[in-house]
>>> print(open('coords32.txt').read())   # compact mmCIF, C-alpha atoms
# COMPACT_ATOMS: atom_id res chain seq x y z
CA MET D 1 14.20 34.41 66.66
CA GLU D 2 11.83 34.38 63.69
CA TRP D 3 13.11 36.28 60.68
CA PHE D 4 10.47 35.21 58.18
CA LYS D 5 6.85 34.32 58.51
CA LYS D 6 4.36 33.43 55.74
CA SER D 7 1.37 35.69 55.68
CA LYS D 8 -0.39 33.66 52.97
CA PRO D 9 -0.51 29.97 52.22
CA GLY D 10 1.96 28.74 49.60
CA LEU D 11 1.18 27.53 46.10
CA VAL D 12 -0.99 24.48 46.05
CA SER D 13 -0.20 21.95 43.33
CA GLN D 14 -3.04 21.01 41.07
CA PRO D 15 -4.10 17.39 40.97
CA LYS D 16 -2.47 15.54 38.08
CA LYS D 17 -4.76 15.03 35.11
CA ASP D 18 -4.72 11.77 33.24
CA ILE D 19 -4.21 12.25 29.47
CA PRO D 20 -5.76 9.43 27.45
CA ASP D 21 -3.34 7.38 25.37
CA GLY D 22 -3.37 8.20 21.68
CA LEU D 23 -4.59 11.76 22.13
CA TRP D 24 -1.38 13.20 20.66
CA THR D 25 0.97 11.84 17.99
CA LYS D 26 4.59 12.81 17.33
CA CYS D 27 5.55 13.28 13.68
CA LYS D 28 8.41 10.97 12.71
CA SER D 29 9.79 13.57 10.31
CA CYS D 30 9.61 16.99 11.98
CA SER D 31 8.93 15.86 15.60
CA GLU D 32 5.86 18.09 15.81
CA ILE D 33 3.34 16.99 18.43
CA ILE D 34 -0.02 16.78 16.66
CA TYR D 35 -3.53 16.33 17.97
CA THR D 36 -4.49 12.87 16.70
CA LYS D 37 -7.97 14.00 15.66
CA THR D 38 -6.31 16.62 13.42
CA LEU D 39 -4.25 13.85 11.79
CA GLU D 40 -7.39 11.84 11.15
CA GLU D 41 -8.94 14.85 9.41
CA THR D 42 -5.87 15.24 7.18
CA PHE D 43 -5.77 11.52 6.21
CA TRP D 44 -2.77 11.01 8.52
CA VAL D 45 -0.58 13.56 6.79
CA CYS D 46 1.44 15.93 9.02
CA PRO D 47 0.05 19.47 8.60
CA ASN D 48 3.49 20.88 9.41
CA CYS D 49 5.84 18.99 7.04
CA ASP D 50 3.51 16.85 4.84
CA TYR D 51 4.96 13.60 6.20
CA HIS D 52 2.69 10.69 5.26
CA PHE D 53 2.17 8.35 8.20
CA ARG D 54 1.70 4.69 7.37
CA ILE D 55 -1.99 3.86 7.63
CA SER D 56 -3.92 0.60 7.72
CA SER D 57 -5.42 -1.16 4.74
CA LYS D 58 -8.89 -0.43 6.13
CA LYS D 59 -8.17 3.31 6.08
CA TYR D 60 -7.09 3.11 2.43
CA ILE D 61 -10.29 1.27 1.56
CA SER D 62 -12.32 3.96 3.32
CA LEU D 63 -10.30 6.72 1.64
CA MET D 64 -10.28 5.37 -1.92
CA LEU D 65 -13.43 3.34 -2.57
CA ASP D 66 -16.99 4.62 -2.92
CA ASP D 67 -18.65 4.57 0.52
CA GLY D 68 -15.59 2.66 1.75
CA LYS D 69 -17.12 -0.56 0.47
CA LEU D 70 -15.23 -3.58 -0.88
CA GLU D 71 -16.80 -6.89 -1.84
CA GLU D 72 -13.99 -9.08 -0.54
CA PHE D 73 -12.97 -12.40 -2.10
CA ASP D 74 -10.68 -15.29 -1.09
CA GLN D 75 -10.58 -14.39 2.60
CA ASN D 76 -10.06 -17.98 3.68
CA LEU D 77 -6.76 -18.68 1.89
CA VAL D 78 -4.05 -19.54 4.45
CA SER D 79 -0.32 -20.18 4.02
CA CYS D 80 1.09 -23.68 4.52
CA ASP D 81 4.52 -24.51 5.91
CA PRO D 82 6.12 -26.61 3.12
CA LEU D 83 9.68 -25.95 4.33
CA GLU D 84 8.91 -26.48 8.04
CA PHE D 85 10.74 -23.20 8.51
CA LYS D 86 11.94 -22.02 11.90
CA ASP D 87 13.98 -18.96 12.85
CA SER D 88 13.30 -17.29 16.20
CA LYS D 89 9.92 -19.06 16.07
CA ARG D 90 8.16 -21.62 13.90
CA TYR D 91 6.58 -20.21 10.75
CA PRO D 92 3.04 -21.45 11.60
CA ASP D 93 3.37 -19.72 14.99
CA ARG D 94 4.47 -16.49 13.30
CA VAL D 95 1.50 -16.63 10.91
CA LYS D 96 -0.90 -17.36 13.77
CA ALA D 97 0.44 -14.40 15.77
CA ALA D 98 0.00 -12.11 12.75
CA GLN D 99 -3.55 -13.41 12.24
CA GLN D 100 -4.42 -12.65 15.85
CA LYS D 101 -2.86 -9.20 15.60
CA THR D 102 -4.57 -8.15 12.36
CA GLY D 103 -7.73 -10.24 12.26
CA ARG D 104 -6.78 -11.37 8.73
CA ASN D 105 -5.45 -14.61 7.29
CA ASP D 106 -2.63 -12.97 5.32
CA ALA D 107 -1.02 -9.72 4.20
CA ILE D 108 -3.51 -8.79 1.48
CA ILE D 109 -7.12 -7.81 0.87
CA SER D 110 -8.71 -8.21 -2.55
CA GLY D 111 -12.14 -7.82 -4.07
CA LEU D 112 -14.43 -5.68 -6.18
CA GLY D 113 -15.22 -2.04 -5.52
CA ALA D 114 -15.71 1.27 -7.27
CA ILE D 115 -14.03 4.67 -7.47
CA ASP D 116 -16.38 7.50 -8.47
CA LYS D 117 -18.86 4.88 -9.70
CA LEU D 118 -16.24 3.21 -11.90
CA PRO D 119 -16.12 -0.52 -10.99
CA ILE D 120 -12.66 -1.98 -10.44
CA SER D 121 -10.83 -5.04 -9.18
CA PHE D 122 -9.04 -3.77 -6.08
CA VAL D 123 -6.07 -5.12 -4.10
CA ILE D 124 -4.36 -3.65 -1.06
CA MET D 125 -1.48 -5.00 1.01
CA ASP D 126 -1.36 -4.93 4.81
CA PHE D 127 2.10 -4.11 6.20
CA SER D 128 1.08 -5.02 9.74
CA PHE D 129 0.95 -8.69 8.67
CA ILE D 130 4.61 -9.83 8.67
CA GLY D 131 5.73 -6.62 6.97
CA GLY D 132 3.33 -7.04 4.06
CA SER D 133 5.56 -9.84 2.80
CA MET D 134 4.57 -11.76 -0.33
CA GLY D 135 4.07 -15.44 0.18
CA SER D 136 2.00 -17.95 -1.77
CA VAL D 137 -1.32 -16.57 -0.46
CA VAL D 138 -0.47 -12.99 -1.45
CA GLY D 139 0.58 -14.11 -4.93
CA GLU D 140 -2.50 -16.29 -5.37
CA LYS D 141 -4.92 -13.56 -4.28
CA ILE D 142 -3.30 -11.07 -6.64
CA ALA D 143 -3.47 -13.65 -9.46
CA ARG D 144 -7.16 -14.23 -8.77
CA ALA D 145 -7.82 -10.47 -8.62
CA ILE D 146 -6.21 -10.07 -12.07
CA GLU D 147 -8.26 -12.97 -13.43
CA ARG D 148 -11.37 -11.39 -11.90
CA ALA D 149 -10.56 -8.17 -13.73
CA MET D 150 -10.20 -10.05 -17.03
CA ASP D 151 -13.39 -12.07 -16.50
CA ASN D 152 -15.39 -8.90 -15.84
CA SER D 153 -13.49 -6.56 -18.24
CA LEU D 154 -12.49 -4.29 -15.36
CA PRO D 155 -9.44 -2.16 -14.58
CA ILE D 156 -7.36 -3.25 -11.59
CA VAL D 157 -5.83 -1.05 -8.89
CA ILE D 158 -3.15 -2.53 -6.61
CA VAL D 159 -1.92 -0.61 -3.56
CA SER D 160 1.46 -2.00 -2.51
CA CYS D 161 3.11 -1.78 0.89
CA SER D 162 5.66 -4.52 1.43
CA GLY D 163 9.13 -5.46 2.54
CA GLY D 164 9.31 -8.04 -0.27
CA ALA D 165 9.05 -11.82 -0.67
CA ARG D 166 8.42 -13.91 2.45
CA MET D 167 11.62 -15.82 3.14
CA GLN D 168 9.84 -18.47 5.22
CA GLU D 169 8.30 -19.85 2.02
CA GLY D 170 11.54 -19.84 0.02
CA ILE D 171 11.23 -20.47 -3.72
CA LEU D 172 7.43 -20.63 -3.46
CA SER D 173 7.31 -16.95 -2.57
CA LEU D 174 9.69 -16.06 -5.42
CA MET D 175 7.49 -17.97 -7.87
CA GLN D 176 4.70 -15.47 -7.17
CA MET D 177 6.74 -12.81 -8.99
CA ALA D 178 6.55 -14.75 -12.25
CA LYS D 179 2.92 -15.81 -11.77
CA THR D 180 1.59 -12.30 -11.16
CA SER D 181 3.75 -10.76 -13.90
CA ALA D 182 2.54 -13.29 -16.48
CA LEU D 183 -1.11 -12.59 -15.66
CA LEU D 184 -0.54 -8.84 -15.90
CA ALA D 185 0.83 -9.42 -19.42
CA LYS D 186 -2.44 -11.19 -20.29
CA LEU D 187 -4.39 -8.29 -18.79
CA ALA D 188 -2.48 -5.89 -21.05
CA GLU D 189 -3.27 -8.06 -24.08
CA GLN D 190 -6.97 -7.54 -23.32
CA GLY D 191 -6.44 -3.78 -23.20
CA LEU D 192 -7.47 -3.52 -19.55
CA PRO D 193 -5.68 -0.88 -17.45
CA TYR D 194 -3.62 -1.53 -14.34
CA ILE D 195 -2.88 1.31 -11.92
CA SER D 196 -0.11 0.61 -9.41
CA VAL D 197 0.00 2.66 -6.22
CA LEU D 198 3.23 2.56 -4.19
CA THR D 199 3.22 3.44 -0.50
CA ASN D 200 5.89 3.42 2.18
CA PRO D 201 7.69 1.02 1.85
CA THR D 202 7.47 -0.89 -1.44
CA THR D 203 10.64 -2.92 -1.91
CA ALA D 204 12.33 -6.17 -3.00
CA GLY D 205 10.32 -8.90 -4.73
CA VAL D 206 7.10 -6.90 -4.78
CA MET D 207 8.79 -3.92 -6.41
CA ALA D 208 10.62 -6.23 -8.81
CA SER D 209 7.35 -7.75 -10.04
CA TYR D 210 3.76 -6.50 -10.12
CA ALA D 211 4.32 -3.18 -8.31
CA SER D 212 6.53 -1.90 -11.15
CA LEU D 213 4.37 -3.15 -14.04
CA GLY D 214 1.49 -0.68 -13.94
CA ASP D 215 0.25 1.18 -17.01
CA VAL D 216 0.36 4.09 -14.57
CA ILE D 217 2.62 4.00 -11.50
CA ILE D 218 1.97 6.57 -8.80
CA ALA D 219 3.40 6.89 -5.30
CA GLU D 220 2.79 8.77 -2.10
CA PRO D 221 5.31 11.50 -1.16
CA GLY D 222 8.44 10.31 0.63
CA ALA D 223 7.75 6.60 0.18
CA LEU D 224 10.77 4.28 0.41
CA LEU D 225 11.04 2.43 -2.91
CA GLY D 226 13.58 0.04 -4.40
CA PHE D 227 14.71 -3.55 -4.69
CA ALA D 228 16.73 -3.52 -1.44
CA GLY D 229 16.84 -1.28 1.61
CA PRO D 230 19.47 1.47 1.92
CA ARG D 231 21.44 -0.39 4.62
CA VAL D 232 21.82 -3.50 2.44
CA ILE D 233 22.86 -1.43 -0.59
CA ARG D 234 25.36 0.56 1.45
CA GLN D 235 26.94 -2.62 2.79
CA THR D 236 27.05 -4.14 -0.69
CA ILE D 237 28.70 -1.26 -2.55
CA GLY D 238 30.66 0.10 0.41
CA GLN D 239 29.69 3.71 -0.31
CA ASP D 240 27.41 6.35 1.15
CA LEU D 241 24.24 6.83 -0.84
CA PRO D 242 22.87 10.09 -2.30
CA GLU D 243 20.39 11.92 -0.09
CA GLY D 244 16.89 10.58 -0.59
CA PHE D 245 17.93 8.34 -3.46
CA GLN D 246 15.16 5.79 -2.73
CA SER D 247 12.36 8.28 -2.22
CA SER D 248 9.33 8.71 -4.46
CA GLU D 249 10.65 12.09 -5.58
CA PHE D 250 13.99 10.60 -6.64
CA PHE D 251 12.21 7.90 -8.68
CA LEU D 252 9.95 10.50 -10.29
CA GLU D 253 12.91 12.65 -11.39
CA ARG D 254 14.44 9.62 -13.12
CA GLY D 255 11.28 8.57 -14.94
CA PHE D 256 10.31 5.47 -13.00
CA LEU D 257 7.09 7.01 -11.64
CA ASP D 258 4.37 8.80 -13.55
CA LYS D 259 3.26 10.92 -10.62
CA VAL D 260 3.77 11.54 -6.90
CA VAL D 261 0.35 12.10 -5.36
CA ASP D 262 -0.56 13.49 -1.95
CA ARG D 263 -2.85 11.12 -0.06
CA LYS D 264 -5.77 13.54 -0.02
CA SER D 265 -5.67 13.63 -3.84
CA LEU D 266 -5.15 9.89 -4.35
CA ARG D 267 -8.78 8.97 -5.00
CA HIS D 268 -9.36 11.89 -7.40
CA THR D 269 -6.14 11.20 -9.34
CA ILE D 270 -6.92 7.49 -9.77
CA SER D 271 -10.43 8.40 -10.87
CA LEU D 272 -9.04 10.68 -13.60
CA PHE D 273 -6.76 7.92 -14.89
CA LEU D 274 -9.58 5.37 -14.81
CA ARG D 275 -11.88 7.66 -16.79
CA TYR D 276 -9.16 8.35 -19.31
CA PHE D 277 -8.49 4.64 -19.85
CA THR D 278 -12.18 3.70 -19.83
CA ASP D 279 -13.08 6.34 -22.41
CA ASN D 280 -10.24 5.26 -24.67
CA VAL D 281 -11.11 1.57 -24.37
CA SER D 282 -14.71 2.41 -25.29
CA LYS D 283 -13.59 4.43 -28.31
CA ARG D 284 -11.31 1.62 -29.51
CA ALA D 285 -14.10 -0.93 -29.08
CA GLY D 286 -16.41 1.20 -31.25
CA ASP D 287 -13.85 1.81 -34.00
CA PRO D 288 -14.14 -0.91 -36.66
CA ASN D 289 -10.63 -0.05 -37.88
CA THR D 290 -9.13 -0.87 -34.50
CA PRO D 291 -7.53 -4.36 -34.40
CA GLY D 292 -9.70 -6.66 -32.34
CA ALA D 293 -12.62 -4.22 -32.18
CA SER D 294 -16.08 -5.70 -32.12
CA SER D 295 -18.07 -5.12 -35.30
CA SER D 296 -21.31 -5.51 -33.38
CA VAL D 297 -20.92 -2.20 -31.53
CA ALA D 298 -23.46 0.28 -32.85
>>> encode(input="coords32.txt", output="structure tokens")
Amino acid sequence: MEWFKKSKPGLVSQPKKDIPDGLWTKCKSCSEIIYTKTLEETFWVCPNCDYHFRISSKKYISLMLDDGKLEEFDQNLVSCDPLEFKDSKRYPDRVKAAQQKTGRNDAIISGLGAIDKLPISFVIMDFSFIGGSMGSVVGEKIARAIERAMDNSLPIVIVSCSGGARMQEGILSLMQMAKTSALLAKLAEQGLPYISVLTNPTTAGVMASYASLGDVIIAEPGALLGFAGPRVIRQTIGQDLPEGFQSSEFFLERGFLDKVVDRKSLRHTISLFLRYFTDNVSKRAGDPNTPGASSSVA
């Protein structure tokens, strides 16, 4: 005996639609699901919580430099393997894999560019290449960028993003701390400005050398900064750490940073500092009472 009988056909499931990969991105801070095109329009800053996603060196170049143009130098420098280092893989194999992944020979890009028509020597680190670690090539390219600034009487801007010195090169990587710091002292003697930009993360040997030596030091919001990571510090001192104690905001409160700058304002802020320094250098050069000023300036 039939008790029930359908008078209409049941619900028909819709065919499954394929969603292209990369169309949506989940915020690592607030877990908001964001349309990736929206993130691109906001310079990869979460519109919900202001979390700054890590972006590539190419994106920084496009964001900061006039027309996104950089005249690149020293692209062909490549790290050697003086220690014949091997951990889970041989060091040359690790470098080769990073080169294939990034299309670059090492974790740094350097050259000449301009910000709001102000010419500068420009350096940016690439975290996707072995964690932006500083080996002999990174140190040498920074040294040459500083020398280029001195030779052309230009300011220098260095954008840091690094886990620190590259352990596979041992003492050679640590020597880059002294080399870059010494050249920055010479730059200061010439009265040429250095603006240091810290992004997430900037730690260890990089933070302990050139990243912390800027005439102006600015950082993006929420960037992890410090000599060692929080896990290492916690294990060393055996205590829980204050909330956010290695963030940009924490460093700003304690006077280490001059300013925390949202990514969308980074270019404009650096431009203001460059104009301030450039105007003051010009005034000093034209003042005959200023030590070292040129008497030939009209």
>>> closest_residue(input="coords32.txt", among="D:Lys179, D:Lys37, D:Arg254, D:Arg275", to="Ile120 (chain D)", atoms="all atoms listed in the file")
D:Arg275
>>> closest_residue(input="coords32.txt", among="D:Glu140, D:Asp262, D:Asp215, D:Glu84", to="Ser173 (chain D)", atoms="only C-alpha atoms")
D:Glu140
>>> residues_near_point(input="coords32.txt", point="(1.5, 10.1, -6.8)", cutoff="6 Å", atoms="all atoms listed in the file", output="ChimeraX atom specification")
/D:218-220,259-261
>>> closest_residue(input="coords32.txt", among="D:Leu63, D:Leu192, D:Leu172, D:Leu225", to="Asp116 (chain D)", atoms="all atoms listed in the file")
D:Leu63
>>> atom_distance(input="coords32.txt", atom1="CA of Ala114 (chain D)", atom2="CA of Leu65 (chain D)")
5.6 Å
>>> build_atoms(input="coords32.txt", residues="region 21-37 of chain D", atoms="N, CA and C atoms", output="CSV table (one decimal), keeping the file's coordinate frame")
chain,number,residue,atom,x,y,z
D,21,ASP,N,-4.3,7.8,26.4
D,21,ASP,CA,-3.3,7.4,25.4
D,21,ASP,C,-3.9,7.6,24.0
D,22,GLY,N,-3.0,8.0,23.1
D,22,GLY,CA,-3.4,8.2,21.7
D,22,GLY,C,-4.0,9.6,21.4
D,23,LEU,N,-4.0,10.4,22.4
D,23,LEU,CA,-4.6,11.8,22.1
D,23,LEU,C,-3.7,12.6,21.3
D,24,TRP,N,-2.4,12.4,21.4
D,24,TRP,CA,-1.4,13.2,20.7
D,24,TRP,C,-0.4,12.2,19.9
D,25,THR,N,0.0,12.7,18.8
D,25,THR,CA,1.0,11.8,18.0
D,25,THR,C,2.2,12.7,17.6
D,26,LYS,N,3.4,12.1,17.7
D,26,LYS,CA,4.6,12.8,17.3
D,26,LYS,C,4.9,12.5,15.9
D,27,CYS,N,5.2,13.5,15.1
D,27,CYS,CA,5.6,13.3,13.7
D,27,CYS,C,7.0,12.7,13.6
D,28,LYS,N,7.1,11.6,12.8
D,28,LYS,CA,8.4,11.0,12.7
D,28,LYS,C,9.4,11.8,11.9
D,29,SER,N,8.9,12.8,11.2
D,29,SER,CA,9.8,13.6,10.3
D,29,SER,C,10.2,14.9,11.0
D,30,CYS,N,9.3,15.7,11.4
D,30,CYS,CA,9.6,17.0,12.0
D,30,CYS,C,9.5,17.1,13.5
D,31,SER,N,9.1,16.0,14.1
D,31,SER,CA,8.9,15.9,15.6
D,31,SER,C,7.8,16.8,16.2
D,32,GLU,N,7.0,17.3,15.3
D,32,GLU,CA,5.9,18.1,15.8
D,32,GLU,C,4.9,17.2,16.6
D,33,ILE,N,4.3,17.7,17.7
D,33,ILE,CA,3.3,17.0,18.4
D,33,ILE,C,2.0,17.4,17.9
D,34,ILE,N,1.2,16.5,17.4
D,34,ILE,CA,0.0,16.8,16.7
D,34,ILE,C,-1.2,16.1,17.4
D,35,TYR,N,-2.3,16.9,17.4
D,35,TYR,CA,-3.5,16.3,18.0
D,35,TYR,C,-4.0,15.2,17.0
D,36,THR,N,-4.2,14.0,17.5
D,36,THR,CA,-4.5,12.9,16.7
D,36,THR,C,-5.8,13.1,15.9
D,37,LYS,N,-6.7,13.8,16.4
D,37,LYS,CA,-8.0,14.0,15.7
D,37,LYS,C,-7.7,14.9,14.4
